[in-house]
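**Q** What follows is a structure written as C-alpha cells; I'll ask about it next.
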Amino acid sequence: MPDQAIGWHPHPDVWALCLALAGGYWAALRWWGPRHVSPGDPPATTGQVVAFAAGVITLFVAADWPVHELAEERLLSVHMVQHLLLSLVAPPLLLAGTPGWLFRKVVRPRWLLAVVRALARPLVALLLFNAFIAVSHWPALVELSLRSELVHFGVHAVLVLTALLMWMPVLSPIVEIPRLRYPGQMLYLFAQSIVPTVPASFLTFAESPIYPFYSVAAPLAGVDPVVDQRIAGLVMKLVGGLILWGFIAVLFFRWHRQEE
C-alpha cells in the first residue's frame with residue numbers, strides 16, 4: 001500500500017538521463033555540427049534548439065516529482081497524463097529539434113537505419129505504437145510496473161521509442177525515411193486519434209476499478225477510484241485527441257499555404 005503522504009525525493013536516474021540528452025545535444029552541435037553544414041550556417045536553427053530543449057523538459061516533468069509520485073502511487077488519471085507527455089508531447093518535440101545530420105549520426109550503422117526505416121513506415125508504426133498502448137494498459141502489466149522499478153522503466157522506454165517511430169511519418173528529420181505528404185500526414189494523425197477510443201472507452205465506462213492498485217491508492221488522495229478511472233479515460237481520448245487535432249490543424253494551414 002502506498003505511503004499516506006508523498007514527499008519530495010530526487011530521481012537521479014531521471015536527472016542523469018535528461019542531462020545526458022541535453023549535454024549530448026549541445027556537444028553534438030558544438031563539435032560535430034560545423035562539419036555537417038555550410039560555412040556560416042548554424043548546426044541547428046533556433047526553433048530546433050528550442051524544440052529539443054522543450055522535449056527534454058517534458059521528459060523531466062513527466063518522469064520526476066511530483067508527476068512520478070502521483071502517477072505511480074496515487075492516481076490513474078495522472079498516470080494517463082504522464083503517458084501522454086511521454087508519447088504525444090516529448091517525442092514530436094525531440095524529433096522536431098533534431099537536425100537531419102544529427103539524426104543520421106544516431107542511426108549511422110546501416111542495419112540500424114534499415115530497422116528504423118522499416119519500423120517507421122506509416123502502417124507499421126501506427127500498429128506498433130497502438131499495439132503497445134493496448135498491452136501497456138493490460139491490468140497485469142500495469143500492476144507489475146507499479147511494483148517494479150525495472151519493469152516501470154522498461155514500459156516507459158518502449159512507450160517513448162514506439163512513439164518516436166509513430167511520429168516519424170510526420171516529423172522525420174531525414175529524406176531516407178520520408179515523411180508523408182500533408183494530406184497523408186493529416187489522415188495518418190486522424191487515424192491515430194481514433195484508435196485509442198477502444199481502451200479509453202473501457203476506462204470511461206467501467207462500473208468498477210480495473211486496476212486493483214489504484215482502487216487502494218486513489219482513496220488515499222481523496223478521489224473515488226471509479227471517478228479517477230473515468231477521468232483517465234477522458235484524458236486519454238479528449239486530451240490526446242486535442243493534441244493530435246492541434247497537429248492536424250497546423251498541417252492543414254501549412255498545406256494550404258503551400259498550395260497557394
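If you're wondering about the labels, chains in the C-alpha cells are A, B, ... by order shown, residues count from 1 in each chain, ligands from 1 in order shown.
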Could you list, with a cut-off of 7 Å and counting only C-alpha atoms, the residues of stretch 82-181 of chain A near stretch 42-48 of chain A, each shown with its nearest atom pair and the distance in Å rounded to one decimal, rows sorted by chain and ascending number, as CSV?
**A**
residue,atom,partner,partner_atom,distance
A:Ala96,CA,A:Gln48,CA,6.2
A:Gly97,CA,A:Gln48,CA,3.8
A:Thr98,CA,A:Gln48,CA,6.5
A:Pro99,CA,A:Ala44,CA,6.0
**Q** Would you mind exporting the chosen residues as a JSON list (two decimals), in the first residue's frame, restricted to N, CA and C atoms?
**A**
[["chain", "number", "residue", "atom", "x", "y", "z"],
["A", 96, "ALA", "N", 11.39, 17.17, -33.85],
["A", 96, "ALA", "CA", 11.42, 18.48, -34.48],
["A", 96, "ALA", "C", 12.71, 19.24, -34.16],
["A", 97, "GLY", "N", 13.33, 18.92, -33.03],
["A", 97, "GLY", "CA", 14.55, 19.61, -32.63],
["A", 97, "GLY", "C", 15.82, 18.96, -33.11],
["A", 98, "THR", "N", 15.72, 17.83, -33.79],
["A", 98, "THR", "CA", 16.91, 17.10, -34.23],
["A", 98, "THR", "C", 17.23, 17.41, -35.69],
["A", 99, "PRO", "N", 18.35, 18.06, -35.97],
["A", 99, "PRO", "CA", 18.74, 18.31, -37.36],
["A", 99, "PRO", "C", 18.98, 16.99, -38.10]]
**Q** Based on the backbone DSSP call, show me all residues of stretch 20-236 of chain A assigned alpha helix (DSSP H), as an MDAnalysis selection string.
**A** chainID A and resid 20:27 33:36 46:63 67:73 76:84 90:96 100:106 110:119 122:136 139:147 149:171 182:194 197:205 212:220 225:234
**Q** From the options A:Glu207, A:Asp228, A:Glu72, A:Glu176, which residue's atoms come nearest to A:Glu149, counting only C-alpha atoms?
**A**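 Nearest to A:Glu149: A:Glu72.
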**Q** Which stretch 34-105 of chain A residues have any atom within 12 Å of an atom of stretch 11-16 of chain A, and for each, what is the nearest pair of atoms with distance in Å to one decimal, counting only C-alpha atoms, rows sorted by chain and number, as a tab-separated table?
**A**
residue	atom	partner	partner_atom	distance
A:Val56	CA	A:Trp15	CA	10.4
A:Ile57	CA	A:Trp15	CA	10.5
A:Thr58	CA	A:Val14	CA	11.6
A:Leu59	CA	A:Val14	CA	8.5
A:Phe60	CA	A:Val14	CA	6.6
A:Val61	CA	A:Val14	CA	9.6
A:Ala62	CA	A:Val14	CA	9.7
A:Ala63	CA	A:Val14	CA	6.5
A:Asp64	CA	A:His11	CA	6.3
A:Trp65	CA	A:His11	CA	7.7
A:Pro66	CA	A:His11	CA	10.6
A:Val67	CA	A:His11	CA	11.7
A:His68	CA	A:His11	CA	9.4
A:Glu69	CA	A:His11	CA	10.6
**Q** Considering only C-alpha atoms, can you say which of A:Gln258, A:Ser38, A:Thr197, A:Thr162 comes closest to A:Leu126?
**A**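 Selected residue with least distance to A:Leu126: A:Thr162.
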**Q** Go through A:His9, A:Leu93, A:Ser172, A:Leu234 and flag the residue nearest A:Ala51, using only C-alpha atoms for the distances.
**A**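 Answer, going by the shortest atom-to-atom distance: A:Leu93.
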**Q** Pick from A:Pro196, A:Pro92, A:Pro10, A:Pro139: nearest to A:Leu76, with only C-alpha atoms counted?
**A**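 Distance minimum relative to A:Leu76 lands on A:Pro139.
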**Q** Write out as a short mmCIF file (atom, residue, chain, number, x, y, z; two decimals) with N, CA and C atoms, in the first residue's frame the residues lying within 8 Å of stretch 242-244 of chain A, counting only C-alpha atoms and excluding same-chain residues fewer than 6 positions away.
**A**
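Writing done, so here's out.cif:
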data_model
loop_
_atom_site.label_atom_id
_atom_site.label_comp_id
_atom_site.auth_asym_id
_atom_site.auth_seq_id
_atom_site.Cartn_x
_atom_site.Cartn_y
_atom_site.Cartn_z
N LEU A 88 2.91 11.80 -26.79
CA LEU A 88 2.36 12.76 -27.74
C LEU A 88 2.95 14.16 -27.61
N LEU A 189 -2.64 11.08 -38.76
CA LEU A 189 -2.90 11.53 -37.39
C LEU A 189 -4.38 11.40 -37.02
N PHE A 190 -5.26 11.54 -38.01
CA PHE A 190 -6.68 11.31 -37.75
C PHE A 190 -6.90 9.86 -37.31
N GLN A 192 -4.70 7.95 -35.92
CA GLN A 192 -4.12 7.82 -34.59
C GLN A 192 -5.05 8.36 -33.51
N SER A 193 -5.85 9.37 -33.84
CA SER A 193 -6.78 9.93 -32.86
C SER A 193 -7.98 9.02 -32.62
#
**Q** If you count only C-alpha atoms, which residues fall within 8 Å of A:Pro183, apart from same-chain ones fewer than 3 positions away, as a compact mmCIF listing (two decimals) with C-alpha atoms, in the first residue's frame?
**A**
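Listed below is the output, selection-v3.txt:
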# COMPACT_ATOMS: atom_id res chain seq x y z
CA LEU A 180 4.03 11.57 -45.85
CA MET A 186 -3.42 14.58 -41.66
CA LEU A 187 -5.13 11.28 -42.46
CA PHE A 252 -3.73 21.88 -42.80
CA TRP A 255 -0.67 22.57 -46.78
**Q** For A:Pro178, which of A:His36, A:Val116, A:Cys18, A:Ile133 is the closest residue, counting only C-alpha atoms?
**A**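 Between A:His36, A:Val116, A:Cys18, A:Ile133, the residue approaching A:Pro178 most closely is A:Val116.
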**Q** Hey, can you check how far atom CA of A:Gly24 sits from atom CA of A:Met166?
**A**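 Calculated distance between atom CA of A:Gly24 and atom CA of A:Met166 is 23.6 Å.
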**Q** As a PyMOL selection string, please: the residues near stretch 100-113 of chain A (cut-off 7 Å, only C-alpha atoms, same-chain neighbours under 4 positions excluded).
**A** chain A and resi 36+117+173-174
**Q** From the list A:His137, A:Arg147, A:Arg179, A:His152, which residue is nearest A:Pro199 when using only C-alpha atoms?
**A**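 Comparing A:His137, A:Arg147, A:Arg179, A:His152 against A:Pro199, the winner is A:His137.
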**Q** How many Å separate atom CA of A:Ala27 from atom CA of A:Val160?
**A** 22.8 Å
**Q** Write out as an MDAnalysis selection string the residues lying within 12 Å of A:Leu75, counting only C-alpha atoms and excluding same-chain residues fewer than 3 positions away.
**A** chainID A and resid 2 66:72 78:82 146 209 211:232
**Q** Between atom CA of A:Leu251 and atom CA of A:Tyr182, what distance in Å does the model show, to one decimal?
**A**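 Atom-to-atom, atom CA of A:Leu251 to atom CA of A:Tyr182, that is 6.4 Å.
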